[in-house]
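Trainee: File structure.cif below, mmCIF, C-alpha atoms:
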data_my_file
loop_
_atom_site.group_PDB
_atom_site.id
_atom_site.type_symbol
_atom_site.label_atom_id
_atom_site.label_comp_id
_atom_site.auth_asym_id
_atom_site.auth_seq_id
_atom_site.Cartn_x
_atom_site.Cartn_y
_atom_site.Cartn_z
ATOM 1 C CA MET A 103 37.088 -29.645 14.184
ATOM 2 C CA PHE A 104 35.102 -31.852 16.547
ATOM 3 C CA VAL A 105 38.278 -33.210 18.150
ATOM 4 C CA PHE A 106 39.642 -29.696 18.628
ATOM 5 C CA GLN A 107 36.478 -28.597 20.425
ATOM 6 C CA ALA A 108 36.593 -31.616 22.704
ATOM 7 C CA ILE A 109 40.159 -30.746 23.707
ATOM 8 C CA CYS A 110 39.113 -27.177 24.475
ATOM 9 C CA VAL A 111 36.341 -28.347 26.785
ATOM 10 C CA THR A 112 38.710 -30.617 28.692
ATOM 11 C CA ASP A 113 41.310 -27.888 29.200
ATOM 12 C CA MET A 114 38.796 -25.254 30.203
ATOM 13 C CA THR A 115 36.947 -27.259 32.825
ATOM 14 C CA ARG A 116 39.969 -28.887 34.450
ATOM 15 C CA ASP A 117 39.897 -26.284 37.231
ATOM 16 C CA LEU A 118 36.502 -25.105 38.387
ATOM 17 C CA LYS A 119 38.073 -21.865 39.626
ATOM 18 C CA VAL A 120 39.694 -20.844 36.360
ATOM 19 C CA HIS A 121 40.463 -17.116 36.348
ATOM 20 C CA VAL A 122 37.518 -15.361 34.728
ATOM 21 C CA SER A 123 39.709 -12.730 33.064
ATOM 22 C CA SER A 124 41.435 -15.430 31.013
ATOM 23 C CA VAL A 125 38.252 -16.906 29.525
ATOM 24 C CA CYS A 126 35.624 -14.147 29.510
ATOM 25 C CA GLY A 127 34.096 -12.898 26.289
ATOM 26 C CA LYS A 128 35.367 -15.772 24.152
ATOM 27 C CA PRO A 129 32.397 -17.811 22.888
ATOM 28 C CA ARG A 130 33.878 -20.868 21.192
ATOM 29 C CA LEU A 131 30.818 -21.375 19.008
ATOM 30 C CA ASN A 132 30.602 -17.756 17.836
ATOM 31 C CA THR A 133 33.247 -17.644 15.124
ATOM 32 C CA ARG A 134 31.503 -15.474 12.566
ATOM 33 C CA ILE A 135 30.225 -11.964 12.057
ATOM 34 C CA VAL A 136 26.834 -12.226 13.691
ATOM 35 C CA GLY A 137 23.812 -11.737 11.459
ATOM 36 C CA GLY A 138 20.137 -12.479 11.326
ATOM 37 C CA GLN A 139 17.584 -12.536 14.104
ATOM 38 C CA SER A 140 17.594 -16.014 15.628
ATOM 39 C CA ALA A 141 20.900 -16.572 17.424
ATOM 40 C CA PRO A 142 22.788 -19.776 16.541
ATOM 41 C CA ASP A 143 23.129 -22.244 19.403
ATOM 42 C CA GLY A 144 26.007 -21.368 21.738
ATOM 43 C CA SER A 145 26.740 -17.974 20.175
ATOM 44 C CA TRP A 146 26.142 -16.059 23.397
ATOM 45 C CA PRO A 147 27.161 -18.449 26.221
ATOM 46 C CA TRP A 148 26.824 -15.830 28.962
ATOM 47 C CA GLN A 149 23.134 -15.211 28.231
ATOM 48 C CA VAL A 150 20.913 -16.100 31.185
ATOM 49 C CA SER A 151 17.145 -16.654 31.252
ATOM 50 C CA LEU A 152 15.542 -15.603 34.527
ATOM 51 C CA HIS A 153 12.216 -17.250 35.397
ATOM 52 C CA ARG A 154 9.364 -16.608 37.767
ATOM 53 C CA ILE A 155 7.471 -19.559 39.234
ATOM 54 C CA SER A 156 3.672 -19.442 39.279
ATOM 55 C CA SER A 157 1.404 -20.746 42.035
ATOM 56 C CA SER A 158 0.880 -23.897 39.966
ATOM 57 C CA GLY A 159 4.609 -24.585 39.980
ATOM 58 C CA SER A 160 5.250 -23.800 36.319
ATOM 59 C CA SER A 161 7.927 -21.282 35.390
ATOM 60 C CA SER A 162 8.154 -18.754 32.576
ATOM 61 C CA HIS A 163 10.822 -16.437 31.211
ATOM 62 C CA PHE A 164 10.647 -13.011 32.825
ATOM 63 C CA CYS A 165 13.861 -11.210 31.936
ATOM 64 C CA GLY A 166 17.523 -11.665 31.079
ATOM 65 C CA GLY A 167 20.941 -11.480 32.639
ATOM 66 C CA SER A 168 24.578 -12.261 31.928
ATOM 67 C CA LEU A 169 26.987 -14.697 33.552
ATOM 68 C CA ILE A 170 30.067 -12.765 34.751
ATOM 69 C CA THR A 171 31.784 -15.424 36.913
ATOM 70 C CA ASP A 172 31.084 -19.051 37.756
ATOM 71 C CA GLU A 173 28.872 -17.894 40.648
ATOM 72 C CA TRP A 174 27.499 -14.465 39.722
ATOM 73 C CA VAL A 175 24.961 -13.059 37.268
ATOM 74 C CA LEU A 176 24.645 -9.390 36.293
ATOM 75 C CA THR A 177 21.143 -8.045 35.655
ATOM 76 C CA ALA A 178 18.868 -5.041 36.181
ATOM 77 C CA ALA A 179 17.764 -3.915 39.636
ATOM 78 C CA SER A 180 14.125 -4.013 38.539
ATOM 79 C CA VAL A 181 14.301 -7.773 37.945
ATOM 80 C CA SER A 182 12.876 -10.331 40.374
ATOM 81 C CA LEU A 183 12.975 -14.082 39.932
ATOM 82 C CA LEU A 184 13.235 -17.495 41.517
ATOM 83 C CA ARG A 185 15.116 -19.616 38.979
ATOM 84 C CA VAL A 186 18.145 -19.163 36.685
ATOM 85 C CA TYR A 187 18.668 -21.018 33.397
ATOM 86 C CA LEU A 188 22.139 -21.057 31.817
ATOM 87 C CA GLY A 189 23.094 -22.545 28.458
ATOM 88 C CA ARG A 190 19.478 -22.313 27.289
ATOM 89 C CA GLN A 191 18.711 -21.768 23.609
ATOM 90 C CA SER A 192 14.943 -22.267 23.436
ATOM 91 C CA GLN A 193 12.094 -21.631 25.861
ATOM 92 C CA GLN A 194 10.333 -24.730 24.498
ATOM 93 C CA GLY A 195 11.561 -28.266 23.991
ATOM 94 C CA SER A 196 14.802 -29.756 25.250
ATOM 95 C CA ASN A 197 17.996 -27.850 25.985
ATOM 96 C CA PRO A 198 20.729 -30.495 26.349
ATOM 97 C CA ASN A 199 23.382 -27.955 27.387
ATOM 98 C CA GLU A 200 21.236 -26.278 30.020
ATOM 99 C CA VAL A 201 22.105 -25.865 33.697
ATOM 100 C CA VAL A 202 19.576 -24.665 36.286
ATOM 101 C CA ARG A 203 20.305 -22.802 39.509
ATOM 102 C CA THR A 204 18.344 -20.960 42.151
ATOM 103 C CA VAL A 205 19.436 -17.628 43.605
ATOM 104 C CA ALA A 206 21.306 -17.560 46.896
ATOM 105 C CA GLN A 207 21.694 -13.788 47.163
ATOM 106 C CA VAL A 208 20.530 -10.637 45.381
ATOM 107 C CA ILE A 209 22.465 -7.367 45.707
ATOM 108 C CA VAL A 210 20.698 -4.312 44.303
ATOM 109 C CA HIS A 211 22.742 -1.151 43.814
ATOM 110 C CA PRO A 212 22.206 1.005 46.922
ATOM 111 C CA SER A 213 21.450 4.096 44.816
ATOM 112 C CA TYR A 214 18.930 2.445 42.502
ATOM 113 C CA SER A 215 15.905 4.658 41.834
ATOM 114 C CA LEU A 216 12.655 2.979 40.825
ATOM 115 C CA SER A 217 11.221 6.282 39.594
ATOM 116 C CA THR A 218 14.146 7.336 37.372
ATOM 117 C CA LEU A 219 15.754 3.904 36.778
ATOM 118 C CA ASN A 220 19.136 5.444 37.535
ATOM 119 C CA ASN A 221 21.637 2.812 38.744
ATOM 120 C CA ASP A 222 19.423 0.020 37.370
ATOM 121 C CA ILE A 223 21.860 -2.775 38.146
ATOM 122 C CA ALA A 224 21.963 -5.806 40.431
ATOM 123 C CA LEU A 225 24.094 -8.862 41.150
ATOM 124 C CA MET A 226 22.704 -12.350 41.745
ATOM 125 C CA LYS A 227 24.733 -15.089 43.383
ATOM 126 C CA LEU A 228 23.911 -18.586 42.179
ATOM 127 C CA SER A 229 23.060 -21.372 44.599
ATOM 128 C CA SER A 230 26.208 -23.177 43.428
ATOM 129 C CA ALA A 231 28.973 -22.512 40.930
ATOM 130 C CA VAL A 232 28.691 -23.608 37.299
ATOM 131 C CA THR A 233 31.361 -25.272 35.186
ATOM 132 C CA PHE A 234 32.336 -23.342 32.087
ATOM 133 C CA SER A 235 31.697 -25.062 28.767
ATOM 134 C CA ALA A 236 31.097 -24.257 25.113
ATOM 135 C CA HIS A 237 27.526 -23.213 26.008
ATOM 136 C CA ILE A 238 28.128 -21.628 29.418
ATOM 137 C CA SER A 239 30.912 -19.083 29.911
ATOM 138 C CA PRO A 240 31.238 -15.520 31.248
ATOM 139 C CA VAL A 241 31.252 -12.248 29.374
ATOM 140 C CA CYS A 242 33.918 -9.599 29.936
ATOM 141 C CA LEU A 243 32.794 -6.323 31.490
ATOM 142 C CA ALA A 244 33.689 -2.823 30.321
ATOM 143 C CA ALA A 245 36.296 -1.288 32.618
ATOM 144 C CA SER A 246 35.795 2.159 34.127
ATOM 145 C CA ASN A 247 37.999 3.918 31.559
ATOM 146 C CA SER A 248 36.159 2.471 28.554
ATOM 147 C CA THR A 249 34.858 4.721 25.777
ATOM 148 C CA PHE A 250 31.852 3.892 23.604
ATOM 149 C CA TYR A 251 31.553 6.537 20.896
ATOM 150 C CA SER A 252 28.434 7.129 18.833
ATOM 151 C CA GLY A 253 28.059 4.422 16.216
ATOM 152 C CA VAL A 254 29.968 1.691 18.076
ATOM 153 C CA ASP A 255 28.605 -1.625 16.834
ATOM 154 C CA SER A 256 26.702 -3.417 19.607
ATOM 155 C CA TRP A 257 24.646 -6.579 19.970
ATOM 156 C CA VAL A 258 21.695 -7.206 22.278
ATOM 157 C CA THR A 259 20.350 -10.694 22.993
ATOM 158 C CA GLY A 260 17.265 -12.052 24.716
ATOM 159 C CA TRP A 261 13.850 -13.657 24.516
ATOM 160 C CA GLY A 262 11.906 -10.381 24.647
ATOM 161 C CA ASN A 263 8.959 -9.405 22.470
ATOM 162 C CA VAL A 264 9.459 -9.162 18.717
ATOM 163 C CA VAL A 265 7.021 -6.333 17.967
ATOM 164 C CA PRO A 266 4.256 -6.762 16.899
ATOM 165 C CA LEU A 267 4.630 -10.470 17.667
ATOM 166 C CA PRO A 268 4.813 -12.065 21.140
ATOM 167 C CA SER A 269 8.000 -13.269 22.777
ATOM 168 C CA PRO A 270 10.006 -15.720 20.642
ATOM 169 C CA GLN A 271 10.935 -19.181 21.856
ATOM 170 C CA ASN A 272 14.483 -19.118 20.493
ATOM 171 C CA LEU A 273 17.175 -16.744 21.704
ATOM 172 C CA MET A 274 17.215 -13.648 19.491
ATOM 173 C CA GLU A 275 19.980 -11.210 18.600
ATOM 174 C CA VAL A 276 19.868 -7.682 17.220
ATOM 175 C CA GLU A 277 22.622 -5.338 16.067
ATOM 176 C CA VAL A 278 22.341 -1.677 17.088
ATOM 177 C CA PRO A 279 24.754 1.288 17.126
ATOM 178 C CA VAL A 280 25.552 3.299 20.241
ATOM 179 C CA VAL A 281 23.754 6.651 20.403
ATOM 180 C CA GLY A 282 25.597 9.391 22.295
ATOM 181 C CA ASN A 283 24.065 10.533 25.574
ATOM 182 C CA ARG A 284 23.751 14.105 24.382
ATOM 183 C CA ARG A 285 21.665 13.092 21.406
ATOM 184 C CA CYS A 286 19.751 10.575 23.546
ATOM 185 C CA LYS A 287 18.730 13.390 25.904
ATOM 186 C CA CYS A 288 16.941 15.029 23.016
ATOM 187 C CA SER A 289 14.531 12.107 22.940
ATOM 188 C CA TYR A 290 14.079 11.411 26.641
ATOM 189 C CA GLY A 291 14.807 14.768 28.267
ATOM 190 C CA VAL A 292 17.833 16.477 29.742
ATOM 191 C CA SER A 293 17.458 15.056 33.239
ATOM 192 C CA THR A 294 16.317 11.544 32.276
ATOM 193 C CA ILE A 295 19.551 10.282 30.721
ATOM 194 C CA THR A 296 22.423 10.245 33.222
ATOM 195 C CA ASP A 297 26.103 9.370 32.982
ATOM 196 C CA ASN A 298 25.148 5.957 34.377
ATOM 197 C CA MET A 299 23.272 5.159 31.161
ATOM 198 C CA ILE A 300 24.213 4.357 27.572
ATOM 199 C CA CYS A 301 21.824 4.444 24.609
ATOM 200 C CA ALA A 302 21.708 2.397 21.403
ATOM 201 C CA GLY A 303 19.395 2.157 18.416
ATOM 202 C CA PHE A 304 18.535 3.527 14.985
ATOM 203 C CA THR A 305 17.059 6.940 14.199
ATOM 204 C CA GLU A 306 14.474 5.236 11.995
ATOM 205 C CA GLY A 307 13.667 2.665 14.693
ATOM 206 C CA GLY A 308 12.790 -0.909 13.789
ATOM 207 C CA LYS A 309 15.446 -2.680 15.883
ATOM 208 C CA ASP A 310 15.577 -2.607 19.659
ATOM 209 C CA SER A 311 15.383 -4.568 22.882
ATOM 210 C CA CYS A 312 11.862 -4.983 24.265
ATOM 211 C CA GLN A 313 9.757 -6.326 27.143
ATOM 212 C CA GLY A 314 11.306 -9.570 28.358
ATOM 213 C CA ASP A 315 14.842 -8.452 27.501
ATOM 214 C CA SER A 316 15.283 -6.368 30.666
ATOM 215 C CA GLY A 317 18.457 -7.193 32.544
ATOM 216 C CA GLY A 318 20.074 -8.758 29.497
ATOM 217 C CA PRO A 319 23.441 -7.770 28.020
ATOM 218 C CA MET A 320 24.494 -5.366 25.302
ATOM 219 C CA VAL A 321 27.976 -6.297 24.079
ATOM 220 C CA SER A 322 30.607 -5.045 21.642
ATOM 221 C CA LYS A 323 33.555 -6.942 20.194
ATOM 222 C CA GLN A 324 37.134 -5.738 20.572
ATOM 223 C CA ASN A 325 39.753 -7.937 18.934
ATOM 224 C CA SER A 326 38.816 -11.464 20.058
ATOM 225 C CA ARG A 327 36.782 -10.449 23.122
ATOM 226 C CA TRP A 328 33.135 -9.583 23.652
ATOM 227 C CA ILE A 329 32.731 -6.860 26.256
ATOM 228 C CA GLN A 330 29.456 -5.972 27.964
ATOM 229 C CA SER A 331 28.773 -2.249 27.739
ATOM 230 C CA GLY A 332 25.165 -2.144 28.878
ATOM 231 C CA ILE A 333 22.295 -3.812 30.724
ATOM 232 C CA VAL A 334 18.834 -3.555 29.130
ATOM 233 C CA SER A 335 16.929 -1.034 31.251
ATOM 234 C CA PHE A 336 14.119 0.962 29.616
ATOM 235 C CA GLY A 337 12.790 2.716 26.516
ATOM 236 C CA LYS A 338 9.699 4.297 25.007
ATOM 237 C CA ASP A 339 7.700 1.302 23.810
ATOM 238 C CA CYS A 340 9.978 -0.706 21.496
ATOM 239 C CA ALA A 341 11.904 0.252 18.361
ATOM 240 C CA LEU A 342 10.167 3.593 17.857
ATOM 241 C CA PRO A 343 11.878 6.155 15.594
ATOM 242 C CA ASN A 344 14.085 8.643 17.473
ATOM 243 C CA PHE A 345 13.812 6.704 20.739
ATOM 244 C CA PRO A 346 16.845 4.449 21.207
ATOM 245 C CA GLY A 347 16.932 1.815 23.915
ATOM 246 C CA VAL A 348 18.441 2.886 27.235
ATOM 247 C CA TYR A 349 20.898 0.662 29.094
ATOM 248 C CA SER A 350 22.757 0.827 32.391
ATOM 249 C CA ARG A 351 26.374 1.745 31.594
ATOM 250 C CA VAL A 352 28.460 -1.147 32.960
ATOM 251 C CA SER A 353 31.749 0.781 33.018
ATOM 252 C CA GLN A 354 30.346 3.079 35.707
ATOM 253 C CA TYR A 355 30.098 0.193 38.154
ATOM 254 C CA GLN A 356 33.509 -1.498 38.145
ATOM 255 C CA ALA A 357 34.339 -0.361 41.680
ATOM 256 C CA TRP A 358 30.926 -1.360 43.039
ATOM 257 C CA ILE A 359 30.967 -4.790 41.377
ATOM 258 C CA ASN A 360 34.484 -5.522 42.637
ATOM 259 C CA SER A 361 33.469 -4.464 46.145
ATOM 260 C CA GLN A 362 30.715 -7.100 46.120
ATOM 261 C CA ILE A 363 32.570 -9.948 44.369
ATOM 262 C CA THR A 364 35.839 -10.314 46.251
ATOM 263 C CA SER A 365 36.703 -13.897 45.270
ATOM 264 C CA ASN A 366 37.543 -14.675 41.622
ATOM 265 C CA PRO A 367 36.150 -11.345 40.339
ATOM 266 C CA PRO A 368 34.802 -10.692 36.836
ATOM 267 C CA GLY A 369 37.102 -9.902 33.940
ATOM 268 C CA PHE A 370 37.136 -6.158 33.287
ATOM 269 C CA ILE A 371 38.579 -4.995 29.963
ATOM 270 C CA THR A 372 38.969 -1.454 28.670
ATOM 271 C CA TYR A 373 36.983 -0.897 25.483
ATOM 272 C CA THR A 374 38.607 1.853 23.435
ATOM 273 C CA SER A 375 36.681 3.566 20.651
ATOM 274 C CA THR A 376 38.632 4.758 17.633
ATOM 275 C CA GLY A 377 38.337 8.029 15.757
ATOM 276 C CA SER A 378 36.321 10.913 17.160
ATOM 277 C CA ASP A 379 32.964 10.955 18.901
ATOM 278 C CA SER A 380 30.349 12.712 16.771
ATOM 279 C CA ASP A 381 28.243 13.213 19.884
ATOM 280 C CA LEU A 382 30.690 15.863 21.088
ATOM 281 C CA SER A 383 29.681 18.192 18.261
ATOM 282 C CA PHE A 384 25.985 17.688 18.921
ATOM 283 C CA ILE A 385 25.830 20.026 21.897
ATOM 284 C CA LYS A 386 26.777 23.688 21.838
ATOM 285 C CA LYS A 387 28.817 25.426 24.488
ATOM 286 C CA LYS A 388 27.534 24.599 27.961
ATOM 287 C CA MET A 389 25.355 27.266 29.537
ATOM 288 C CA VAL A 390 25.091 28.097 33.193
ATOM 289 C CA PHE A 391 21.432 28.687 33.972
ATOM 290 C CA LEU A 392 18.764 25.995 33.775
ATOM 291 C CA GLU A 393 16.579 28.013 31.430
ATOM 292 C CA GLN A 394 19.503 28.445 29.052
ATOM 293 C CA GLU A 395 20.346 24.757 29.387
ATOM 294 C CA LEU A 396 16.852 23.708 28.327
ATOM 295 C CA THR A 397 16.811 26.209 25.480
ATOM 296 C CA ARG A 398 20.116 24.823 24.264
ATOM 297 C CA TYR A 399 18.664 21.331 24.003
ATOM 298 C CA TRP A 400 15.527 22.605 22.293
ATOM 299 C CA ASP A 401 17.651 24.309 19.642
ATOM 300 C CA ASP A 402 19.877 21.295 19.006
ATOM 301 C CA CYS A 403 17.092 18.725 19.014
ATOM 302 C CA GLY A 404 14.881 20.735 16.744
ATOM 303 C CA GLU A 405 11.679 19.857 18.602
ATOM 304 C CA LYS A 406 10.560 21.263 21.927
ATOM 305 C CA SER A 407 8.146 18.361 22.393
ATOM 306 C CA ARG A 408 11.021 15.922 22.950
ATOM 307 C CA VAL A 409 12.352 17.749 25.974
ATOM 308 C CA SER A 410 10.637 17.008 29.262
ATOM 309 C CA GLY A 411 10.626 19.434 32.117
#
Any chance you could put this one into structure tokens?
Mentor:
Amino acid sequence: MFVFQAICVTDMTRDLKVHVSSVCGKPRLNTRIVGGQSAPDGSWPWQVSLHRISSSGSSSHFCGGSLITDEWVLTAASVSLLRVYLGRQSQQGSNPNEVVRTVAQVIVHPSYSLSTLNNDIALMKLSSAVTFSAHISPVCLAASNSTFYSGVDSWVTGWGNVVPLPSPQNLMEVEVPVVGNRRCKCSYGVSTITDNMICAGFTEGGKDSCQGDSGGPMVSKQNSRWIQSGIVSFGKDCALPNFPGVYSRVSQYQAWINSQITSNPPGFITYTSTGSDSDLSFIKKKMVFLEQELTRYWDDCGEKSRVSG
């Protein structure tokens, strides 16, 4: 097994400009059905730790991101940083597979809204390209025609808070199901959740992304590939019942991402959900007037208090 892995590394890094679409979403060290809370080393090789540097010169983890090519990181628009860590497993101690870069360019989506967090997405160009390895490789991105039905199994990774405890030192993973946008609107309000967002979490709460995870990836597996469906964006506190986490919907931004990354672009793959989407039966026939629209959501959600004006 060790010899086989060594051969893989040699083949993969022979050409620094290997086509991303041929290698994305294939973590060589993630060969199992993921379980538990602390992520095994190398399981999520696209995970990025973004750090801020203090006046004293020390740096600390601030938020997450995902490697999508050898030069570009995908994250949230609300993220700001000075240093990028790739191949990192722990925020303390040594990380022998780690590579550090600074940021050469930040591109925030032109329609990003700080007040509504709509279009909460940004691209960061690294100061220099990285070489793909067993611990550093890109994730595939959901293509524009992807479908993520309610219940689609998803995984979120990061170093964010583990409520009620502080941020962990080791990379954490959590499994959550997709929650349809129509049902998600019942928690956050009709106008809060847009088509540019995707929700995930449990009705009973208990598992969620949290502070420090912002900008990090939510991924789902299709055949042998891991495909990023969302970017950690916002939520009501963390892991509360009936309030799933809200993520930027990656599939909405294929055209924009490709317009910004013109050389060796990311690997976009269509994620296709099977069966039928239970979210479609959650909402009654669409009504025309705003008052009727709000009433419709009140009826379906069962609680007026969960609908904001």
Trainee: Counting only C-alpha atoms, figure out which residue out of A:Asn199, A:Ser383, A:Ser335, A:Ser252 gets nearest to Gly318 (chain A).
Mentor: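 Closest residue, counting only C-alpha atoms: A:Ser335.
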Trainee: For Gln330 (chain A), which residue among A:Asn247, A:Gln194, A:Thr364, A:Ser353 is the nearest when counting all atoms listed in the file?
Mentor: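 Among A:Asn247, A:Gln194, A:Thr364, A:Ser353, it is A:Ser353 that comes nearest to Gln330 (chain A).
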Trainee: At what distance in Å, to one decimal, does CA of Asp255 (chain A) lie from CA of His163 (chain A)?
Mentor: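 CA of His163 (chain A) sits 27.2 Å away from CA of Asp255 (chain A).
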Trainee: Do you know which residues the PyMOL selection byres ((chain A and resi 204) around 12) returns on this file, as a list in words?
Mentor: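 That selection, the PyMOL selection byres ((chain A and resi 204) around 12), comes back as Ser151, Leu152, His153, Arg154, Ile155, Glu173, Trp174, Val175, Leu183, Leu184, Arg185, Val186, Tyr187, Leu188, Val201, Val202, Arg203, Val205, Ala206, Gln207, Val208, Met226, Lys227, Leu228, Ser229, Ser230, Ala231 and Val232 of chain A.
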Trainee: Need to verify the contact set: Ala179 (chain A), 9 Å, all atoms listed in the file, exclusion of same-chain residues closer than 5 positions in sequence. Can you return it as a PyMOL selection string?
Mentor: chain A and resi 209-211+214+216+219+221-225+317+335
Trainee: May I ask for the distance between CA of Pro129 (chain A) and CA of Val348 (chain A), given in Å to one decimal place?
Mentor: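 For CA of Pro129 (chain A) relative to CA of Val348 (chain A), the distance reads 25.3 Å.
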Trainee: For the atom pair CA of Trp148 (chain A) and CA of Asn283 (chain A), what is the interatomic distance in Å to one decimal place?
Mentor: 26.7 Å
Trainee: Tell me which of A:Gly144, A:Pro212, A:Pro319, A:Gly189 sits closest to Val258 (chain A), counting all atoms listed in the file.
Mentor: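 Selected residue with least distance to Val258 (chain A): A:Pro319.
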Trainee: Here's the selection I'm unsure about, the PyMOL selection byres ((chain A and resi 380) around 12); applied to the file above, which residues does it give, as a list in words?
Mentor: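 Selection result, ordered by chain and number: Phe250, Tyr251, Ser252, Gly253, Val254, Val280, Val281, Gly282, Asn283, Arg284, Arg285, Ser375, Thr376, Gly377, Ser378, Asp379, Asp381, Leu382, Ser383, Phe384 and Ile385 of chain A.
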Trainee: Using all atoms listed in the file, list the residues that have an atom at most 12 Å from (34.2, -7.4, 21.6), coordinates as in the file, as an NGL selection string.
Mentor: :A and (126-129 or 132 or 135-136 or 146 or 241-244 or 250 or 254-257 or 320-331 or 371-375)
Trainee: How about saving the chosen residues, C-alpha atoms kept, as a CSV table (one decimal), keeping the file's coordinate frame?
Mentor:
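For reference, out-v2.csv as written:
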chain,number,residue,atom,x,y,z
A,126,CYS,CA,35.6,-14.1,29.5
A,127,GLY,CA,34.1,-12.9,26.3
A,128,LYS,CA,35.4,-15.8,24.2
A,129,PRO,CA,32.4,-17.8,22.9
A,132,ASN,CA,30.6,-17.8,17.8
A,135,ILE,CA,30.2,-12.0,12.1
A,136,VAL,CA,26.8,-12.2,13.7
A,146,TRP,CA,26.1,-16.1,23.4
A,241,VAL,CA,31.3,-12.2,29.4
A,242,CYS,CA,33.9,-9.6,29.9
A,243,LEU,CA,32.8,-6.3,31.5
A,244,ALA,CA,33.7,-2.8,30.3
A,250,PHE,CA,31.9,3.9,23.6
A,254,VAL,CA,30.0,1.7,18.1
A,255,ASP,CA,28.6,-1.6,16.8
A,256,SER,CA,26.7,-3.4,19.6
A,257,TRP,CA,24.6,-6.6,20.0
A,320,MET,CA,24.5,-5.4,25.3
A,321,VAL,CA,28.0,-6.3,24.1
A,322,SER,CA,30.6,-5.0,21.6
A,323,LYS,CA,33.6,-6.9,20.2
A,324,GLN,CA,37.1,-5.7,20.6
A,325,ASN,CA,39.8,-7.9,18.9
A,326,SER,CA,38.8,-11.5,20.1
A,327,ARG,CA,36.8,-10.4,23.1
A,328,TRP,CA,33.1,-9.6,23.7
A,329,ILE,CA,32.7,-6.9,26.3
A,330,GLN,CA,29.5,-6.0,28.0
A,331,SER,CA,28.8,-2.2,27.7
A,371,ILE,CA,38.6,-5.0,30.0
A,372,THR,CA,39.0,-1.5,28.7
A,373,TYR,CA,37.0,-0.9,25.5
A,374,THR,CA,38.6,1.9,23.4
A,375,SER,CA,36.7,3.6,20.7
Trainee: Show me, as a PyMOL selection string, the residues that have an atom within 10 Å of Val122 (chain A) when counting only C-alpha atoms, minus same-chain residues fewer than 4 positions from it.
Mentor: chain A and resi 126-127+170-172+234+239-242+366-370
Trainee: Select, from A:Ser213, A:Ser248, A:Ser235, A:Asn272, the residue with the minimum atom-to-atom distance to Pro142 (chain A), counting only C-alpha atoms.
Mentor: A:Asn272
Trainee: Could you check which of A:Gln362, A:Ser246, A:Ser293, A:Asn344 is closest to Glu306 (chain A), using only C-alpha atoms?
Mentor: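 Among the listed residues, A:Asn344 lies closest to Glu306 (chain A).
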Trainee: Tell me which of A:Ser289, A:Ser361, A:Asp315, A:Cys301 sits closest to Phe345 (chain A), counting all atoms listed in the file.
Mentor: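 Result for the nearest residue to Phe345 (chain A): A:Ser289.
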